[in-house]
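Here's protein_6.pdb, which has PDB, C-alpha atoms, pLDDT in the B column:
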```
ATOM      1  CA  MET A  14      79.430  93.771  98.071  1.00 74.00           C
ATOM      2  CA  ASP A  15      82.371  94.300  95.709  1.00 93.00           C
ATOM      3  CA  THR A  16      85.821  93.697  97.162  1.00 94.00           C
ATOM      4  CA  ILE A  17      89.277  94.611  95.988  1.00 93.00           C
ATOM      5  CA  SER A  18      92.681  93.116  96.801  1.00 93.00           C
ATOM      6  CA  ILE A  19      95.257  95.384  98.402  1.00 92.00           C
ATOM      7  CA  LYS A  20      98.738  94.972  99.798  1.00 92.00           C
ATOM      8  CA  ILE A  21     100.076  96.943 102.758  1.00 91.00           C
ATOM      9  CA  ASP A  22     103.462  96.145 104.320  1.00 89.00           C
ATOM     10  CA  ASN A  23     103.658  92.954 102.249  1.00 89.00           C
ATOM     11  CA  LYS A  24     100.305  91.750 103.632  1.00 88.00           C
ATOM     12  CA  ASN A  25      97.630  90.908 101.062  1.00 93.00           C
ATOM     13  CA  PHE A  26      93.963  91.153 101.978  1.00 92.00           C
ATOM     14  CA  GLN A  27      90.507  91.951 100.640  1.00 94.00           C
ATOM     15  CA  VAL A  28      88.499  95.062 101.516  1.00 94.00           C
ATOM     16  CA  GLU A  29      85.194  96.467 100.383  1.00 95.00           C
ATOM     17  CA  LYS A  30      85.499  98.694  97.323  1.00 94.00           C
ATOM     18  CA  GLY A  31      85.556 102.360  98.385  1.00 91.00           C
ATOM     19  CA  THR A  32      87.311 101.696 101.699  1.00 92.00           C
ATOM     20  CA  THR A  33      90.001 104.248 102.522  1.00 91.00           C
ATOM     21  CA  ILE A  34      93.577 103.076 102.874  1.00 93.00           C
ATOM     22  CA  LEU A  35      93.443 104.211 106.494  1.00 93.00           C
ATOM     23  CA  ASP A  36      90.388 102.053 107.287  1.00 91.00           C
ATOM     24  CA  ALA A  37      91.800  99.098 105.360  1.00 93.00           C
ATOM     25  CA  ALA A  38      95.051  99.282 107.311  1.00 94.00           C
ATOM     26  CA  LYS A  39      93.197  99.523 110.626  1.00 92.00           C
ATOM     27  CA  SER A  40      91.150  96.445 109.755  1.00 90.00           C
ATOM     28  CA  VAL A  41      94.322  94.319 109.707  1.00 90.00           C
ATOM     29  CA  GLY A  42      96.041  95.965 112.663  1.00 92.00           C
ATOM     30  CA  ILE A  43      98.331  98.362 110.780  1.00 93.00           C
ATOM     31  CA  ASN A  44      98.571 101.832 112.317  1.00 93.00           C
ATOM     32  CA  ILE A  45      98.915 104.863 110.051  1.00 94.00           C
ATOM     33  CA  PRO A  46      99.383 108.052 112.110  1.00 93.00           C
ATOM     34  CA  THR A  47      96.832 110.830 111.574  1.00 90.00           C
ATOM     35  CA  LEU A  48      96.372 114.359 112.840  1.00 86.00           C
ATOM     36  CA  CYS A  49      93.303 115.987 111.271  1.00 82.00           C
ATOM     37  CA  TYR A  50      91.236 112.815 110.681  1.00 80.00           C
ATOM     38  CA  MET A  51      88.631 111.947 113.320  1.00 78.00           C
ATOM     39  CA  ASN A  52      86.000 109.221 113.160  1.00 75.00           C
ATOM     40  CA  LEU A  53      83.493 110.014 115.901  1.00 73.00           C
ATOM     41  CA  HIS A  54      81.329 106.883 115.969  1.00 69.00           C
ATOM     42  CA  ASP A  55      79.213 108.081 118.914  1.00 72.00           C
ATOM     43  CA  LEU A  56      78.263 111.275 117.080  1.00 75.00           C
ATOM     44  CA  ASN A  57      77.851 109.501 113.723  1.00 76.00           C
ATOM     45  CA  THR A  58      80.228 111.911 112.020  1.00 75.00           C
ATOM     46  CA  THR A  59      83.620 111.869 110.315  1.00 72.00           C
ATOM     47  CA  HIS A  60      86.048 114.760 109.952  1.00 73.00           C
ATOM     48  CA  ASN A  61      88.662 114.174 107.251  1.00 71.00           C
ATOM     49  CA  PRO A  62      89.841 117.395 105.625  1.00 77.00           C
ATOM     50  CA  THR A  63      93.046 115.761 104.271  1.00 83.00           C
ATOM     51  CA  GLY A  64      94.930 118.979 104.979  1.00 81.00           C
ATOM     52  CA  CYS A  65      97.624 117.947 107.441  1.00 87.00           C
ATOM     53  CA  ARG A  66      99.201 115.231 105.233  1.00 89.00           C
ATOM     54  CA  VAL A  67     100.480 113.270 108.252  1.00 91.00           C
ATOM     55  CA  CYS A  68      98.916 110.061 106.875  1.00 91.00           C
ATOM     56  CA  VAL A  69     100.417 110.148 103.370  1.00 95.00           C
ATOM     57  CA  VAL A  70     101.295 106.770 101.870  1.00 94.00           C
ATOM     58  CA  GLU A  71     102.896 105.508  98.673  1.00 93.00           C
ATOM     59  CA  VAL A  72     100.435 104.062  96.156  1.00 92.00           C
ATOM     60  CA  VAL A  73     101.888 101.952  93.354  1.00 91.00           C
ATOM     61  CA  GLY A  74     101.226 103.618  89.994  1.00 93.00           C
ATOM     62  CA  ARG A  75     100.638 107.059  91.483  1.00 93.00           C
ATOM     63  CA  LYS A  76     103.181 109.843  90.888  1.00 95.00           C
ATOM     64  CA  ASN A  77     102.833 111.498  94.300  1.00 95.00           C
ATOM     65  CA  LEU A  78     101.973 110.432  97.848  1.00 94.00           C
ATOM     66  CA  ALA A  79      98.294 109.990  98.730  1.00 93.00           C
ATOM     67  CA  PRO A  80      96.516 110.817 101.986  1.00 93.00           C
ATOM     68  CA  ALA A  81      95.410 107.492 103.502  1.00 92.00           C
ATOM     69  CA  CYS A  82      92.330 109.093 105.075  1.00 88.00           C
ATOM     70  CA  ALA A  83      90.694 110.067 101.772  1.00 86.00           C
TER      71      ALA A  83
END
```
Let me see the file written as structure tokens.
Amino acid sequence: MDTISIKIDNKNFQVEKGTTILDAAKSVGINIPTLCYMNLHDLNTTHNPTGCRVCVVEVVGRKNLAPACA
């Protein structure tokens, strides 16, 4: 399992490579509001069209905001 270091709200932590920003934030108790993203564990399905842009976050080195759910 490859991990990467990330920093959210001045908190540094390690997550598995490929983890979304939304899932990484949830894993350390940080809430990022969403509208169109749904993770339906019981149905073994995920709906993340990235269309509503409610969950956009700033990513260092990126010119525009990124949806945390993708």
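Each of A:Ile21, A:Cys49, A:Val28, A:Ile34 was checked against A:Ala79 using only C-alpha atoms; the smallest atom-to-atom distance is that of A:Ile34.
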| remark: Correct to one decimal, the distance atom CA of A:Gly64-atom CA of A:Asp36 is 17.7 Å
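One finds atom CA of A:Ser18 at 18.8 Å from atom CA of A:Ile45.
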| field | Reference answer for the PyMOL selection byres ((chain A and resi 37) around 12), as a ChimeraX atom specification | value | /A:16-21,24-36,38-45,81-83
What does the PyMOL selection byres ((chain A and resi 71) around 12) select in this file, as a CSV table (one decimal) with C-alpha atoms, in the frame of the given file?
```csv
chain,number,residue,atom,x,y,z
A,20,LYS,CA,98.7,95.0,99.8
A,21,ILE,CA,100.1,96.9,102.8
A,22,ASP,CA,103.5,96.1,104.3
A,34,ILE,CA,93.6,103.1,102.9
A,68,CYS,CA,98.9,110.1,106.9
A,69,VAL,CA,100.4,110.1,103.4
A,70,VAL,CA,101.3,106.8,101.9
A,72,VAL,CA,100.4,104.1,96.2
A,73,VAL,CA,101.9,102.0,93.4
A,74,GLY,CA,101.2,103.6,90.0
A,75,ARG,CA,100.6,107.1,91.5
A,76,LYS,CA,103.2,109.8,90.9
A,77,ASN,CA,102.8,111.5,94.3
A,78,LEU,CA,102.0,110.4,97.8
A,79,ALA,CA,98.3,110.0,98.7
A,80,PRO,CA,96.5,110.8,102.0
A,81,ALA,CA,95.4,107.5,103.5
```
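For the atom pair formed by atom CA of A:His60 and atom CA of A:Leu48, the distance is 10.7 Å, given to one decimal.
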| field | Exercise: residues within 7 Å of coordinate (88.8, 108.5, 109.9), counting all atoms listed in the file, as a PyMOL selection string | value | chain A and resi 50-52+59-61+82
